[in-house]
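Reading through the structure tokens given below for one structure.
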Amino acid sequence: MKNTSQEYDNVIAICRTLFINKMTDYGSAWRILRLPSLTDQIFIKAQRIRSLQENEVRKIDEDESGEFIGIINYSIMALIQLELGVVEQPDLEVKKATQLYDEKVQLTKDLMEDKNHDYGEAWREMRVSSLTDLILQKLLRVKQIEDNKGKTLVSEGIDANYQDMINYAVFALILMKFGQQ
């Protein structure tokens, strides 16, 4: 698997540092967000990435990397919300939130490694724009599942879709050579 595990960890380390810094600045205010609100935040970020990829003119001088980081961190927050539920007031200290973050990342990385084994790292031949489209597709699926009150007939649950979005965003950042020395 080439250096996928190390590259994955490098990307996540940057995302994790930002998560901890924002937790330090804002606390766990995100804990009041319902899942559809987190999904919509991720959707906004994915739509912005697609706009950046398609538009020749950029009015704000930023690349897509910050938005992919946002997708990763908001998806991890969503996985935490799935486990803990929504609260009325922020209730997590930095240490506990970071522990939960690390647990969700490990489960998601394990999934990535299993799929990577079976698919033979096919993502390395993909375009970043295709990964963006896959994230948008997953978001539309999640929105539909949310609209169906979480009920599915044959499909994987919301958690698997959030995990896939995390992994696609990490893959995009790896392909963009983000966070590499």
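Note on naming: chains are A, B, ... as they come in the structure tokens, residues start from 1 per chain, ligands start from 1 in the order shown.
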Need to verify the contact set: range 101-115 of chain A, 9 Å, only C-alpha atoms, exclusion of same-chain residues closer than 4 positions in sequence. Can you return it as a ChimeraX atom specification?
/A:1,4-5,8-9,12,16,19,73,76-77,79-80,96-97,119-121,160,163-164,166-167
At a cut-off of 8 Å, using only C-alpha atoms, what residues contact Ile32 in chain A? Leave out same-chain residues fewer than 4 positions from it and give the result as a short mmCIF file (atom, residue, chain, number, x, y, z; two decimals) with N, CA, C and O atoms, in the first residue's frame.
data_model
loop_
_atom_site.label_atom_id
_atom_site.label_comp_id
_atom_site.auth_asym_id
_atom_site.auth_seq_id
_atom_site.Cartn_x
_atom_site.Cartn_y
_atom_site.Cartn_z
N VAL A 86 -27.36 14.70 20.30
CA VAL A 86 -27.27 16.16 20.33
C VAL A 86 -27.57 16.64 21.74
O VAL A 86 -28.39 16.05 22.44
N VAL A 87 -26.92 17.72 22.14
CA VAL A 87 -27.15 18.30 23.46
C VAL A 87 -27.63 19.75 23.33
O VAL A 87 -27.51 20.35 22.27
N GLU A 88 -28.15 20.28 24.41
CA GLU A 88 -28.62 21.68 24.44
C GLU A 88 -27.49 22.67 24.71
O GLU A 88 -27.57 23.83 24.31
N GLN A 89 -26.45 22.20 25.40
CA GLN A 89 -25.31 23.05 25.76
C GLN A 89 -24.01 22.28 25.52
O GLN A 89 -23.98 21.07 25.69
N PRO A 90 -22.96 22.99 25.15
CA PRO A 90 -21.66 22.31 24.99
C PRO A 90 -21.31 21.51 26.24
O PRO A 90 -21.50 22.00 27.36
#
I'd like the neighbourhood of Leu139 in chain A as a VMD selection string, where a residue qualifies if any of its atoms comes within 9 Å (using only C-alpha atoms), though same-chain residues fewer than 4 positions away should be ignored.
chain A and resid 39 to 40 42 to 43 46 134 to 135 143 to 144 161 to 162 165
Take the residues from that selection and put them in a file with all heavy atoms, as a compact mmCIF listing (two decimals), in the first residue's frame.
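And here's part08.txt as it stands now:
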# COMPACT_ATOMS: atom_id res chain seq x y z
N THR A 39 -24.45 17.78 8.18
CA THR A 39 -24.47 17.35 6.78
C THR A 39 -24.47 18.57 5.86
O THR A 39 -23.75 18.60 4.85
CB THR A 39 -25.70 16.46 6.51
OG1 THR A 39 -25.64 15.32 7.37
CG2 THR A 39 -25.74 16.00 5.07
N ASP A 40 -25.27 19.58 6.20
CA ASP A 40 -25.33 20.78 5.38
C ASP A 40 -24.00 21.54 5.38
O ASP A 40 -23.59 22.10 4.36
CB ASP A 40 -26.47 21.69 5.82
CG ASP A 40 -27.84 21.15 5.41
OD1 ASP A 40 -27.90 20.25 4.55
OD2 ASP A 40 -28.85 21.64 5.96
N ILE A 42 -21.05 20.17 5.66
CA ILE A 42 -20.18 19.38 4.79
C ILE A 42 -20.56 19.64 3.32
O ILE A 42 -19.69 19.80 2.46
CB ILE A 42 -20.27 17.88 5.12
CG1 ILE A 42 -19.82 17.62 6.56
CG2 ILE A 42 -19.44 17.04 4.14
CD1 ILE A 42 -20.20 16.26 7.11
N PHE A 43 -21.86 19.71 3.06
CA PHE A 43 -22.34 19.97 1.70
C PHE A 43 -21.83 21.31 1.19
O PHE A 43 -21.36 21.42 0.05
CB PHE A 43 -23.88 19.93 1.68
CG PHE A 43 -24.46 20.08 0.31
CD1 PHE A 43 -24.45 19.02 -0.59
CD2 PHE A 43 -25.02 21.28 -0.09
CE1 PHE A 43 -24.98 19.16 -1.86
CE2 PHE A 43 -25.56 21.43 -1.35
CZ PHE A 43 -25.54 20.37 -2.24
N ALA A 46 -18.20 20.91 0.26
CA ALA A 46 -18.03 20.14 -0.98
C ALA A 46 -18.45 20.97 -2.20
O ALA A 46 -17.78 20.91 -3.24
CB ALA A 46 -18.83 18.84 -0.90
N LEU A 134 -17.71 12.16 -5.66
CA LEU A 134 -18.11 11.05 -4.79
C LEU A 134 -18.55 11.54 -3.42
O LEU A 134 -19.50 11.02 -2.84
CB LEU A 134 -16.97 10.04 -4.66
CG LEU A 134 -16.69 9.20 -5.90
CD1 LEU A 134 -15.40 8.39 -5.73
CD2 LEU A 134 -17.86 8.29 -6.23
N ILE A 135 -17.86 12.55 -2.89
CA ILE A 135 -18.27 13.14 -1.61
C ILE A 135 -19.66 13.76 -1.76
O ILE A 135 -20.53 13.56 -0.90
CB ILE A 135 -17.24 14.18 -1.13
CG1 ILE A 135 -15.94 13.49 -0.72
CG2 ILE A 135 -17.81 15.01 0.03
CD1 ILE A 135 -14.76 14.42 -0.48
N LYS A 143 -28.40 12.94 2.98
CA LYS A 143 -29.58 13.81 3.08
C LYS A 143 -30.87 13.01 2.86
O LYS A 143 -31.85 13.22 3.56
CB LYS A 143 -29.47 14.96 2.07
CG LYS A 143 -28.43 16.00 2.45
CD LYS A 143 -28.26 17.01 1.33
CE LYS A 143 -28.60 18.36 1.88
NZ LYS A 143 -28.57 19.42 0.89
N GLN A 144 -30.85 12.09 1.91
CA GLN A 144 -32.03 11.26 1.66
C GLN A 144 -32.33 10.36 2.86
O GLN A 144 -33.48 10.22 3.27
CB GLN A 144 -31.84 10.42 0.40
CG GLN A 144 -33.08 9.63 0.02
CD GLN A 144 -34.25 10.52 -0.34
OE1 GLN A 144 -34.14 11.42 -1.14
NE2 GLN A 144 -35.40 10.28 0.29
N ASN A 161 -21.41 6.31 5.39
CA ASN A 161 -21.28 7.39 4.41
C ASN A 161 -20.35 8.49 4.92
O ASN A 161 -19.53 9.01 4.16
CB ASN A 161 -22.66 7.95 4.05
CG ASN A 161 -23.43 7.03 3.15
OD1 ASN A 161 -23.14 6.93 1.97
ND2 ASN A 161 -24.42 6.33 3.70
N TYR A 162 -20.47 8.85 6.19
CA TYR A 162 -19.54 9.84 6.76
C TYR A 162 -18.11 9.31 6.71
O TYR A 162 -17.18 10.05 6.40
CB TYR A 162 -19.90 10.18 8.21
CG TYR A 162 -21.11 11.08 8.38
CD1 TYR A 162 -22.14 10.72 9.22
CD2 TYR A 162 -21.20 12.31 7.72
CE1 TYR A 162 -23.24 11.54 9.40
CE2 TYR A 162 -22.29 13.13 7.90
CZ TYR A 162 -23.31 12.75 8.74
OH TYR A 162 -24.40 13.56 8.92
N MET A 165 -16.79 9.67 3.26
CA MET A 165 -16.45 11.06 2.95
C MET A 165 -15.11 11.45 3.56
O MET A 165 -14.31 12.14 2.93
CB MET A 165 -17.56 12.00 3.44
CG MET A 165 -18.81 11.94 2.59
SD MET A 165 -20.02 13.17 3.09
CE MET A 165 -20.99 12.24 4.28
Between A:Glu62, A:Leu153, A:Arg50, A:Thr98, which is the closest to Leu18 in chain A once you count only C-alpha atoms?
A:Thr98
Expected answer as a PyMOL selection string: helix (DSSP H, G or I) residues in chain A
chain A and resi 4-26+29-32+35-54+65-84+94-119+122-125+128-147+158-175
